[in-house]
Structures are given as C-alpha cells and as structure tokens.
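Student: Data file my_file_32.txt (compact mmCIF, C-alpha atoms) is appended below.
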```txt
# COMPACT_ATOMS: atom_id res chain seq x y z
CA MET A 25 35.51 -33.70 -33.14
CA SER A 26 34.91 -33.53 -29.39
CA LYS A 27 36.08 -30.63 -27.30
CA ILE A 28 38.26 -30.69 -24.24
CA ILE A 29 39.11 -28.09 -21.62
CA LYS A 30 42.73 -27.28 -20.83
CA ALA A 31 44.31 -25.20 -18.10
CA THR A 32 46.34 -23.25 -20.64
CA PHE A 33 47.25 -20.48 -18.20
CA SER A 34 47.53 -22.40 -14.93
CA GLN A 35 50.16 -19.93 -13.74
CA LYS A 36 47.30 -17.42 -13.38
CA CYS A 37 45.30 -19.69 -11.05
CA THR A 38 44.73 -18.11 -7.61
CA GLY A 39 43.20 -21.21 -6.04
CA CYS A 40 39.65 -19.86 -5.62
CA GLU A 41 38.19 -23.24 -6.60
CA LEU A 42 35.24 -21.65 -8.40
CA CYS A 43 35.90 -24.14 -11.21
CA VAL A 44 35.67 -27.04 -8.74
CA TYR A 45 32.37 -25.69 -7.42
CA GLU A 46 31.07 -25.22 -10.98
CA VAL A 47 31.92 -28.81 -11.88
CA GLN A 48 30.23 -30.08 -8.75
CA GLN A 49 27.18 -27.87 -9.23
CA GLN A 50 26.67 -29.25 -12.72
CA LEU A 51 26.46 -32.64 -10.97
CA LYS A 52 24.07 -31.15 -8.39
CA ASN A 53 26.60 -31.49 -5.59
CA ILE A 54 28.39 -29.16 -3.21
CA GLY A 55 31.74 -30.53 -2.10
CA LEU A 56 35.19 -31.47 -3.27
CA GLU A 57 34.90 -35.25 -3.44
CA GLY A 58 34.83 -36.73 -6.93
CA SER A 59 35.32 -33.43 -8.74
CA ALA A 60 36.60 -33.66 -12.31
CA ILE A 61 38.77 -30.61 -11.64
CA ARG A 62 41.02 -30.39 -8.61
CA ILE A 63 43.28 -27.59 -7.49
CA PHE A 64 46.47 -28.48 -5.66
CA ARG A 65 48.85 -26.13 -3.93
CA ASN A 66 52.35 -26.80 -5.19
CA LEU A 67 53.88 -26.68 -1.71
CA ALA A 68 56.84 -28.82 -2.73
CA LYS A 69 57.93 -26.26 -5.31
CA ASN A 70 56.68 -23.18 -3.54
CA PRO A 71 56.15 -23.51 0.25
CA ASN A 72 54.62 -20.02 0.39
CA GLY A 73 51.43 -21.45 -1.10
CA ILE A 74 51.26 -19.10 -4.07
CA GLU A 75 51.53 -21.63 -6.86
CA PHE A 76 48.74 -23.95 -7.96
CA ILE A 77 48.36 -27.07 -10.05
CA VAL A 78 45.12 -27.56 -11.99
CA GLU A 79 44.32 -31.23 -12.52
CA ILE A 80 41.59 -32.10 -15.01
CA ASP A 81 40.01 -35.54 -15.23
CA PRO A 82 38.91 -36.62 -18.75
CA SER A 83 35.38 -37.16 -17.40
CA VAL A 84 34.98 -33.37 -17.42
CA THR A 85 34.08 -33.55 -21.13
CA LYS A 86 30.59 -34.73 -20.15
CA LEU A 87 29.97 -31.35 -18.54
CA ASN A 88 29.25 -27.86 -19.86
CA LEU A 89 32.82 -26.75 -20.60
CA GLU A 90 31.88 -23.17 -21.51
CA LYS A 91 30.44 -22.61 -18.06
CA ILE A 92 33.59 -23.99 -16.44
CA LYS A 93 35.79 -21.81 -18.63
CA ASN A 94 33.74 -18.70 -17.97
CA ILE A 95 33.52 -19.08 -14.18
CA CYS A 96 37.29 -18.65 -13.82
CA PRO A 97 38.05 -15.03 -12.85
CA ASN A 98 41.57 -15.28 -14.27
CA LYS A 99 40.87 -16.98 -17.60
CA VAL A 100 42.97 -20.03 -16.82
CA PHE A 101 41.02 -22.35 -19.14
CA ASN A 102 40.73 -22.79 -22.87
CA ILE A 103 38.45 -25.09 -24.81
CA VAL A 104 40.10 -26.83 -27.74
CA GLU A 105 39.20 -29.52 -30.24
CA GLN A 106 40.56 -32.91 -29.22
CA GLY A 107 43.67 -33.60 -31.29
CA HIS A 108 44.42 -29.86 -31.50
CA GLU A 109 45.45 -29.55 -27.87
CA PHE A 110 49.14 -29.41 -28.75
CA GLY A 111 48.63 -26.70 -31.33
CA HIS A 112 48.51 -29.03 -34.37
CA MET B 23 24.69 -31.37 6.78
CA ASN B 24 24.04 -30.49 10.42
CA LEU B 25 20.90 -28.40 10.18
CA ASP B 26 19.48 -28.86 13.66
CA THR B 27 22.60 -29.51 15.69
CA LYS B 28 26.07 -28.06 15.91
CA ARG B 29 28.61 -30.81 15.42
CA VAL B 30 31.74 -30.25 17.49
CA ILE B 31 34.88 -32.35 17.57
CA PHE B 32 36.82 -32.24 20.83
CA ILE B 33 40.49 -33.16 20.52
CA ASN B 34 42.43 -33.73 23.70
CA LEU B 35 46.18 -33.49 23.18
CA ARG B 36 47.04 -34.66 26.69
CA ASN B 37 45.64 -38.16 26.25
CA ARG B 38 45.45 -38.16 22.46
CA SER B 39 41.74 -38.75 22.26
CA SER B 40 38.88 -37.23 20.30
CA ASN B 41 35.12 -37.37 20.27
CA VAL B 42 32.37 -35.76 18.23
CA LYS B 43 29.24 -34.40 19.84
CA GLY B 44 26.09 -32.87 18.37
CA TYR B 45 24.49 -30.03 20.32
CA VAL B 46 20.95 -28.83 19.64
CA ASP B 47 21.28 -26.18 22.36
CA LEU B 48 24.20 -24.47 20.58
CA ASN B 49 22.08 -23.63 17.53
CA GLU B 50 21.16 -20.22 18.91
CA TYR B 51 24.83 -19.18 18.67
CA ILE B 52 24.61 -19.56 14.85
CA GLY B 53 28.31 -20.29 14.24
CA GLY B 54 31.75 -18.69 14.10
CA LEU B 55 32.17 -16.11 16.83
CA GLY B 56 28.94 -16.92 18.70
CA LEU B 57 29.53 -20.66 18.71
CA GLY B 58 33.23 -20.24 19.47
CA LEU B 59 32.57 -17.97 22.46
CA LYS B 60 30.08 -20.39 23.99
CA LEU B 61 32.45 -23.33 23.53
CA LEU B 62 35.27 -21.28 25.03
CA GLN B 63 33.14 -20.47 28.05
CA ASN B 64 32.24 -24.15 28.49
CA GLN B 65 35.85 -25.38 28.21
CA ILE B 66 37.81 -22.50 29.67
CA ASP B 67 39.65 -24.65 32.24
CA GLU B 68 41.29 -26.58 29.41
CA ASP B 69 42.75 -23.49 27.69
CA PRO B 70 41.04 -24.38 24.39
CA VAL B 71 41.83 -23.32 20.86
CA ILE B 72 38.55 -23.18 18.95
CA LEU B 73 38.07 -23.09 15.19
CA SER B 74 34.47 -22.43 14.16
CA ILE B 75 32.67 -21.96 10.89
CA GLY B 76 29.18 -20.66 10.14
CA PRO B 77 26.11 -22.07 8.42
CA LEU B 78 27.03 -20.50 5.06
CA SER B 79 30.69 -21.55 5.12
CA GLY B 80 31.76 -23.50 2.07
CA MET B 81 28.29 -23.10 0.58
CA PHE B 82 28.16 -19.50 -0.66
CA PRO B 83 30.65 -17.03 -2.13
CA TYR B 84 32.56 -14.87 0.35
CA ALA B 85 31.57 -17.08 3.33
CA THR B 86 35.26 -17.73 3.49
CA LYS B 87 36.58 -17.18 6.97
CA THR B 88 37.11 -19.42 9.98
CA ALA B 89 36.75 -17.93 13.44
CA VAL B 90 39.61 -18.65 15.84
CA VAL B 91 38.46 -18.05 19.42
CA LEU B 92 40.81 -18.31 22.38
CA GLU B 93 41.65 -16.75 25.71
CA ASP B 94 44.84 -14.79 26.20
CA SER B 95 45.86 -13.47 29.62
CA GLY B 96 42.24 -13.21 30.73
CA ALA B 97 41.01 -11.57 27.53
CA ILE B 98 38.91 -13.29 24.89
CA GLU B 99 40.35 -12.96 21.41
CA ASP B 100 38.51 -13.61 18.16
CA LEU B 101 40.55 -13.78 14.97
CA TYR B 102 39.56 -14.73 11.44
CA ILE B 103 41.58 -16.65 8.91
CA GLY B 104 40.76 -17.00 5.21
CA GLY B 105 41.85 -19.52 2.60
CA THR B 106 40.50 -23.05 2.30
CA LEU B 107 39.98 -23.96 5.95
CA ALA B 108 36.28 -23.06 6.30
CA SER B 109 35.32 -25.18 3.29
CA ARG B 110 37.37 -28.15 4.54
CA ILE B 111 35.75 -27.99 7.99
CA ARG B 112 32.35 -27.81 6.26
CA PHE B 113 33.09 -30.82 4.05
CA ALA B 114 34.41 -32.69 7.08
CA GLY B 115 30.85 -32.36 8.40
CA LEU B 116 31.88 -30.24 11.37
CA ASP B 117 30.92 -26.85 12.79
CA SER B 118 33.71 -26.52 15.33
CA ILE B 119 37.06 -27.99 16.25
CA VAL B 120 37.96 -27.65 19.93
CA ILE B 121 41.56 -28.42 20.90
CA LEU B 122 42.21 -29.06 24.56
CA GLY B 123 45.20 -29.81 26.78
CA ARG B 124 48.91 -29.91 26.13
CA ALA B 125 50.66 -32.68 24.24
CA THR B 126 53.58 -34.30 26.06
CA LYS B 127 55.49 -34.38 22.78
CA GLU B 128 55.08 -32.03 19.83
CA VAL B 129 52.24 -33.30 17.70
CA ILE B 130 50.35 -32.76 14.44
CA ILE B 131 46.60 -33.33 14.39
CA ASP B 132 45.42 -35.05 11.23
CA ILE B 133 41.63 -34.79 10.81
CA THR B 134 39.72 -36.54 8.04
CA ASN B 135 36.03 -35.87 8.42
CA ARG B 136 35.34 -36.99 12.01
CA ASP B 137 38.42 -39.23 12.36
CA VAL B 138 41.52 -37.93 14.10
CA ALA B 139 45.08 -39.23 14.03
CA PHE B 140 47.95 -37.86 16.10
CA ARG B 141 51.32 -37.69 14.31
CA GLU B 142 54.75 -37.14 15.81
CA ALA B 143 55.84 -33.72 14.57
CA ASP B 144 59.53 -34.60 14.40
CA LYS B 145 58.89 -37.66 12.24
CA THR B 146 56.23 -36.32 9.91
CA ASP B 147 56.28 -34.13 6.83
CA ILE B 148 52.97 -32.33 7.27
CA ARG B 149 52.62 -32.03 3.48
CA SER B 150 52.28 -35.81 3.32
CA LEU B 151 49.09 -35.76 5.39
CA GLY B 152 45.48 -35.42 4.22
CA LEU B 153 44.17 -35.52 0.69
CA PRO B 154 45.57 -32.86 -1.67
CA GLY B 155 42.80 -30.74 -3.13
CA LYS B 156 40.51 -31.55 -0.19
CA ARG B 157 42.70 -30.53 2.73
CA SER B 158 43.92 -27.48 4.58
CA ILE B 159 47.25 -27.36 6.36
CA LEU B 160 47.74 -25.11 9.38
CA PHE B 161 51.43 -25.18 10.22
CA ARG B 162 53.40 -23.47 12.95
CA ASP B 163 56.84 -22.17 12.05
CA LYS B 164 59.15 -20.11 14.25
CA LYS B 165 57.19 -16.90 13.85
CA GLU B 166 53.57 -17.64 13.00
CA VAL B 167 50.90 -20.18 12.18
CA LYS B 168 50.20 -20.22 8.46
CA LEU B 169 47.42 -21.85 6.51
CA ASP B 170 48.57 -23.51 3.31
CA GLY B 171 51.81 -21.57 3.59
CA TYR B 172 50.10 -18.25 2.89
CA PHE B 173 47.14 -17.22 5.08
CA PHE B 174 47.57 -16.21 8.71
CA THR B 175 45.71 -14.51 11.57
CA PRO B 176 46.46 -11.02 12.88
CA GLU B 177 48.52 -10.77 16.09
CA ASP B 178 50.54 -13.61 17.66
CA PHE B 179 47.81 -15.23 19.74
CA LEU B 180 47.41 -18.37 17.65
CA HIS B 181 51.15 -18.99 17.44
CA GLU B 182 51.51 -18.60 21.21
CA LYS B 183 48.64 -21.00 21.76
CA PHE B 184 50.12 -23.62 19.43
CA VAL B 185 53.43 -23.38 21.32
CA ARG B 186 51.65 -23.67 24.67
CA HIS B 187 49.74 -26.77 23.52
CA ASN B 188 52.86 -28.33 21.95
CA LEU B 189 50.95 -28.34 18.69
CA SER B 190 52.93 -28.19 15.47
CA GLY B 191 50.08 -28.27 12.98
CA ILE B 192 46.56 -29.26 12.02
CA VAL B 193 45.52 -30.88 8.76
CA VAL B 194 41.80 -30.95 7.93
CA THR B 195 40.50 -33.05 5.05
CA GLY B 196 36.83 -32.88 4.10
CA THR B 197 35.31 -35.38 1.68
CA GLU B 198 31.58 -35.02 2.28
CA ALA B 199 29.21 -33.59 -0.31
CA PHE B 200 25.91 -31.84 0.22
CA LYS B 201 22.79 -31.37 -1.82
CA PRO B 202 20.34 -28.67 -0.77
CA PRO B 203 16.70 -29.77 -1.17
CA ASN B 204 15.98 -27.10 -3.80
CA PHE B 205 19.21 -27.13 -5.80
CA GLU B 206 18.00 -24.77 -8.56
CA LYS B 207 17.03 -22.14 -6.02
CA TYR B 208 20.36 -22.63 -4.25
CA GLN B 209 22.20 -22.03 -7.52
CA ASP B 210 20.16 -18.90 -8.24
CA ILE B 211 21.17 -17.37 -4.93
CA TYR B 212 24.77 -18.60 -5.20
CA PHE B 213 25.27 -16.92 -8.58
CA GLN B 214 23.42 -13.74 -7.58
CA ILE B 215 25.85 -13.33 -4.69
CA LEU B 216 28.88 -14.28 -6.75
CA GLU B 217 28.06 -11.52 -9.25
CA ARG B 218 28.08 -8.82 -6.58
CA THR B 219 31.85 -8.32 -6.66
CA HIS B 220 31.34 -4.56 -7.12
CA GLU B 221 29.99 -4.43 -3.54
CA LEU B 222 33.15 -5.87 -2.03
CA SER B 223 35.48 -3.38 -0.42
CA VAL B 224 38.63 -4.86 -1.93
CA LYS B 225 40.24 -4.61 -5.32
CA LYS B 226 40.74 -7.61 -7.55
CA GLY B 227 44.27 -8.94 -7.65
CA LEU B 228 46.26 -12.02 -8.51
CA TYR B 229 47.04 -13.10 -4.95
CA PRO B 230 45.94 -16.50 -3.62
CA SER B 231 42.17 -16.44 -3.10
CA CYS B 232 39.98 -17.80 -0.38
CA THR B 233 37.72 -20.65 -1.52
CA VAL B 234 34.75 -19.42 -3.57
CA CYS B 235 35.98 -15.86 -3.86
CA PRO B 236 37.09 -14.63 -7.29
CA MET B 237 38.88 -11.53 -6.02
CA GLY B 238 42.43 -12.71 -5.33
CA CYS B 239 42.78 -9.62 -3.16
CA GLU B 240 45.96 -8.51 -1.44
CA GLN B 241 44.21 -8.36 1.95
CA SER B 242 43.09 -12.00 2.13
CA SER B 243 46.37 -13.30 3.52
CA SER B 244 46.33 -11.38 6.79
CA GLY B 245 42.89 -12.32 8.14
CA GLU B 246 40.71 -10.14 10.33
CA ILE B 247 40.26 -9.16 13.95
CA GLY B 248 37.16 -7.61 15.56
CA GLY B 249 34.10 -6.22 13.73
CA ASN B 250 30.43 -7.01 13.16
CA VAL B 251 29.26 -9.91 15.35
CA LEU B 252 26.69 -11.16 12.84
CA ILE B 253 29.24 -11.20 10.00
CA HIS B 254 31.67 -12.99 12.32
CA SER B 255 29.07 -15.55 13.41
CA LEU B 256 28.16 -16.31 9.81
CA VAL B 257 31.92 -16.05 9.28
CA THR B 258 31.70 -14.32 5.96
CA CYS B 259 34.51 -12.11 4.73
CA GLY B 260 34.52 -8.69 6.39
CA PHE B 261 35.03 -7.14 2.96
CA ALA B 262 31.64 -8.60 1.93
CA GLU B 263 29.80 -6.88 4.77
CA LYS B 264 27.63 -4.88 2.34
CA ILE B 265 26.24 -8.15 1.02
CA TYR B 266 25.90 -10.19 4.20
CA ALA B 267 24.70 -7.41 6.49
CA ASP B 268 21.40 -7.64 4.54
CA PRO B 269 18.96 -9.87 6.50
CA GLY B 270 17.14 -10.69 3.24
CA ILE B 271 20.27 -12.29 1.79
CA ILE B 272 21.06 -14.08 5.03
CA PHE B 273 17.59 -15.61 5.19
CA SER B 274 17.56 -16.57 1.53
CA CYS B 275 20.83 -18.44 2.07
CA LEU B 276 19.80 -20.09 5.34
CA ASN B 277 16.38 -21.11 4.06
CA VAL B 278 17.60 -22.64 0.84
CA LEU B 279 20.11 -24.74 2.77
CA GLY B 280 17.27 -25.94 5.03
CA TYR B 281 18.16 -24.16 8.28
CA HIS B 282 15.29 -23.22 10.57
CA TYR B 283 16.56 -19.91 11.94
CA THR B 284 13.99 -17.14 12.41
CA HIS B 285 14.42 -13.38 12.18
CA GLU B 286 14.30 -13.31 15.99
CA ASP B 287 17.22 -15.76 16.18
CA ILE B 288 19.35 -13.48 14.01
CA GLU B 289 18.22 -10.27 15.71
CA ASN B 290 18.90 -11.75 19.17
CA LEU B 291 22.42 -12.87 18.35
CA PRO B 292 24.22 -9.66 19.40
CA ASN B 293 22.39 -9.79 22.77
CA ILE B 294 23.33 -13.44 23.26
CA ILE B 295 26.96 -12.67 22.52
CA GLU B 296 26.91 -9.67 24.85
CA LYS B 297 25.57 -11.91 27.63
CA ILE B 298 28.41 -14.38 27.14
CA LEU B 299 30.98 -11.59 27.21
CA LYS B 300 29.50 -10.07 30.38
CA ARG B 301 29.74 -13.33 32.31
CA PRO B 302 33.13 -13.87 33.90
CA ILE B 303 34.83 -16.70 32.09
CA TYR B 304 36.62 -17.95 35.22
```
Rewrite the structure of this file - the entire thing - as structure tokens.

Tutor:
Amino acid sequence: MSKIIKATFSQKCTGCELCVYEVQQQLKNIGLEGSAIRIFRNLAKNPNGIEFIVEIDPSVTKLNLEKIKNICPNKVFNIVEQGHEFGH
Amino acid sequence: MNLDTKRVIFINLRNRSSNVKGYVDLNEYIGGLGLGLKLLQNQIDEDPVILSIGPLSGMFPYATKTAVVLEDSGAIEDLYIGGTLASRIRFAGLDSIVILGRATKEVIIDITNRDVAFREADKTDIRSLGLPGKRSILFRDKKEVKLDGYFFTPEDFLHEKFVRHNLSGIVVTGTEAFKPPNFEKYQDIYFQILERTHELSVKKGLYPSCTVCPMGCEQSSSGEIGGNVLIHSLVTCGFAEKIYADPGIIFSCLNVLGYHYTHEDIENLPNIIEKILKRPIY
C-alpha cells in the first residue's frame, strides 16, 4: 500500500513555506514554480492574512514524504496509507 | 540568477511605462539598504519608492526582509518588511523595484517576473491579481500599507508615499527557479543555518511566518527600522543578526550561490554607505 501525505492540521500552518522549499530541494530546485505543495493565504475568508490553505499535488508521493513532514515546524502533516486517509 | 549585475525594474506611474536594466556597477552596494540608497540618490528628483532585496534573499533561512528606501522631508528612511515579498522579488529575477512619478488615476502595479501591468484601482480586486502561492500583495488601506494583509513597515512613511504616488497596491509574482552549481553544498549550508533557531532573538510562536523562517514569531508583522548596515544590505532578519553578522557564514552563502564578492567588498560596505549618506541628495 502506498503512502500519501496529508495536511491534517492545516489550521496550524503559519505560511513559512519550508515544506515548499523542501519539495523543491528534493527536485534540486529553489523556487516556487511547479512545487507539489503550495501554500495559499485565505484572504477571501480572512483578509488579515492569518489563515492558510495547504494544497498538495498527488505527484508529491514520488518524493521523500518523511522529510517533508519533519521540516514543518508546526507538525501540519501526517503520512497515511492510501485508502486509510479518511480514517477507515 | 543575477550574479554579476543588479537587475532593477523602473516603473514610471506618470506615463505607465516600465523597463528593466542590469547594472554591473551597482554590485558593490551588495543589496537591500546599500543598493536602495544608491538608487535613491540616482533617482531623487522622481521621489522614488525603492524595494530592494539582497543576494541571500529567498535562498537561505532568515534572509526574509525587503528593504524599503525612500526620502521623507529631506531625510532618508530605510524600513524593512517581512513576509513573502523578498522571495517573490527573488523569483521574479529582480534585485530592486524602483517606483517613480505620480499616477494620474489611482493604480495598482501588477508585476510578474519582469512584466508590468497597470490596473485601475477602482475597478480591480487586488486579490484577483498574480498567481496565488507565488505572489505577494502590498495593499494600501486608509491607515497603512500591508503585505498579504498582515505584515507592515514601522512608521507611516510608506503609506504617505503610496498616497503621494496615487498608488493603491503592488502585486509581485515570481515564477523563476534557481539551481546553485553545487546543490549538495548549498543544501548543507541551508540546513546548518535553519537549525540555528536557538541563536535567534525571538521566541517561537504561531503567528504568520516570513518565508523560510520556522519561528512564527510575534515580532515579524511589524518590520524593522534602522540597525546594522551589513544585515540590512543582505536584508536578513534583524533577529538573526547573531548568525549573519558572521563573515564566515556570509561568505559560505555567497560562494555557494556563485557570487564573486571578496572580503574587501563586504568590509568596505559600511564606508560606501557612509559616503552615500554624506553626499547631499539634492
């Protein structure tokens, strides 16, 4: 069973983008373009810029998920078995 | 990445034009404060607003600030704003943004890499501009100019300048990617610096963070004013001064990115800045 990474605690995200940098570094890049994880500010819901949306592209599974999980200072991510992501 | 030139975008609000120039002779000013001061001196008749980053911006942890350099009532002011802006300017492939002139009608500047569009402020929702996840939004409300709705600069200088220029906001989107020649060495240094959180003079919190800083500190929102000229020319966070005041770290970072600065260049920077400040700007 393959593993996937989920932003289980996205409410704890502070927008530091260390996860984005980690993803890009695993691809030997520095930048934001084409990252499998993107962090959006939820300005529509919270114009004060204190709420974030973590968007994860399925292509992230090709990368070292443990490293991505561990780089987050606020433990936003969890790694789960595919098919178990809804707690089944 | 601009290793041997400083790439500056000039945006003229009066005639809604922009052009990008590369300057070899601005290299000695390193970035941030130094670069901003020199550009201010060169463009003083146009009452410029200058946003400048440094060579480490967007590339290393805690190199998180953007220098805002402007003139106010005959005095030069340098302010520093955190958040995402420095990384977006870096990934737009720029070192400085210089805004000149006054718009006839209130305007929003929409920058994507080196392309600039001018949007009517009264007809545009600024949140609709740029690419989410790769953009920064500087927006002027009635009281202050805020970055991404949260970060701001100390004092009112930037707000006053936006009003004077008839400027409602700036959106910067950066989509370029970089690859240092020795990527493994780059990563070694990157992670060594990232681990030095105990040397930062702030406490960890759960407030919005600047890009590539894990601290989420309470102080990040309010920016900085004044301080160490080298730190402000590299435009690292003032709370990371213990790390970036070390010439060994600075050179490791600059060298691995491929810059050709020497120890003399770094040591001479305060003198160069002093010379600029001693010359009358008018």

Student: Could I get the residues of chain B with an atom no further than 7 Å from an atom of chain A, each paired with its nearest atom pair and that distance in Å to one decimal, using all atoms listed in the file, sorted by chain and residue number, as a Markdown table?

Tutor:
```
| residue | atom | partner | partner_atom | distance |
| --- | --- | --- | --- | --- |
| B:Phe113 | CA | A:Gly55 | CA | 6.3 |
| B:Pro154 | CA | A:Phe64 | CA | 6.0 |
| B:Gly155 | CA | A:Phe64 | CA | 5.0 |
| B:Lys156 | CA | A:Leu56 | CA | 6.1 |
| B:Asp170 | CA | A:Gly73 | CA | 5.6 |
| B:Gly171 | CA | A:Asn72 | CA | 4.5 |
| B:Tyr172 | CA | A:Gly73 | CA | 5.3 |
| B:Thr197 | CA | A:Glu57 | CA | 5.1 |
| B:Glu198 | CA | A:Gly55 | CA | 6.3 |
| B:Ala199 | CA | A:Gly55 | CA | 4.4 |
| B:Phe200 | CA | A:Ile54 | CA | 5.0 |
| B:Lys201 | CA | A:Asn53 | CA | 5.4 |
| B:Phe205 | CA | A:Lys52 | CA | 6.8 |
| B:Leu228 | CA | A:Thr38 | CA | 6.3 |
| B:Tyr229 | CA | A:Thr38 | CA | 6.1 |
| B:Pro230 | CA | A:Thr38 | CA | 4.5 |
| B:Ser231 | CA | A:Cys40 | CA | 4.9 |
| B:Cys232 | CA | A:Cys40 | CA | 5.6 |
| B:Thr233 | CA | A:Cys40 | CA | 4.6 |
| B:Val234 | CA | A:Cys40 | CA | 5.3 |
| B:Cys235 | CA | A:Cys40 | CA | 5.7 |
| B:Pro236 | CA | A:Pro97 | CA | 5.7 |
| B:Gly238 | CA | A:Thr38 | CA | 6.3 |
```

Student: So that I can check the surroundings of Thr219 in chain B, please list as a list of chain:residue names every protein, DNA and RNA residue that reaches within 10 Å of it, counting all atoms listed in the file and ignoring chain neighbours fewer than 2 positions away.

Tutor: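 So the residues in contact are B:Pro83, B:Tyr84, B:Ile215, B:Leu216, B:Glu217, B:Glu221, B:Leu222, B:Ser223, B:Val224, B:Lys225, B:Lys226, B:Cys235, B:Pro236, B:Met237, B:Ala262, B:Ile265.
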
Student: So, counting all atoms listed in the file, which residue among B:Arg38, B:Ile75, B:Thr284, B:Met81 is closest to Ala108 in chain B?

Tutor: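 For Ala108 in chain B, the nearest of the candidates is B:Ile75.
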
Student: So the first atom is CA of Gly104 in chain B and the second is CA of Phe174 in chain B; what is the distance between them in Å, to one decimal place?

Tutor: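 Between CA of Gly104 in chain B and CA of Phe174 in chain B the gap works out to 7.7 Å.
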
Student: Under the rule that all atoms listed in the file are counted, which of B:Lys183, B:Lys87, B:Lys127, B:Lys297 is the nearest residue to Leu59 in chain B?

Tutor: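 Among the listed residues, the smallest separation from Leu59 in chain B belongs to B:Lys297.
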
Student: Could you check how far CA of Tyr283 in chain B sits from CA of Gly115 in chain B, in Å to one decimal?

Tutor: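 Atom-to-atom, CA of Tyr283 in chain B and CA of Gly115 in chain B are spaced 19.3 Å apart.
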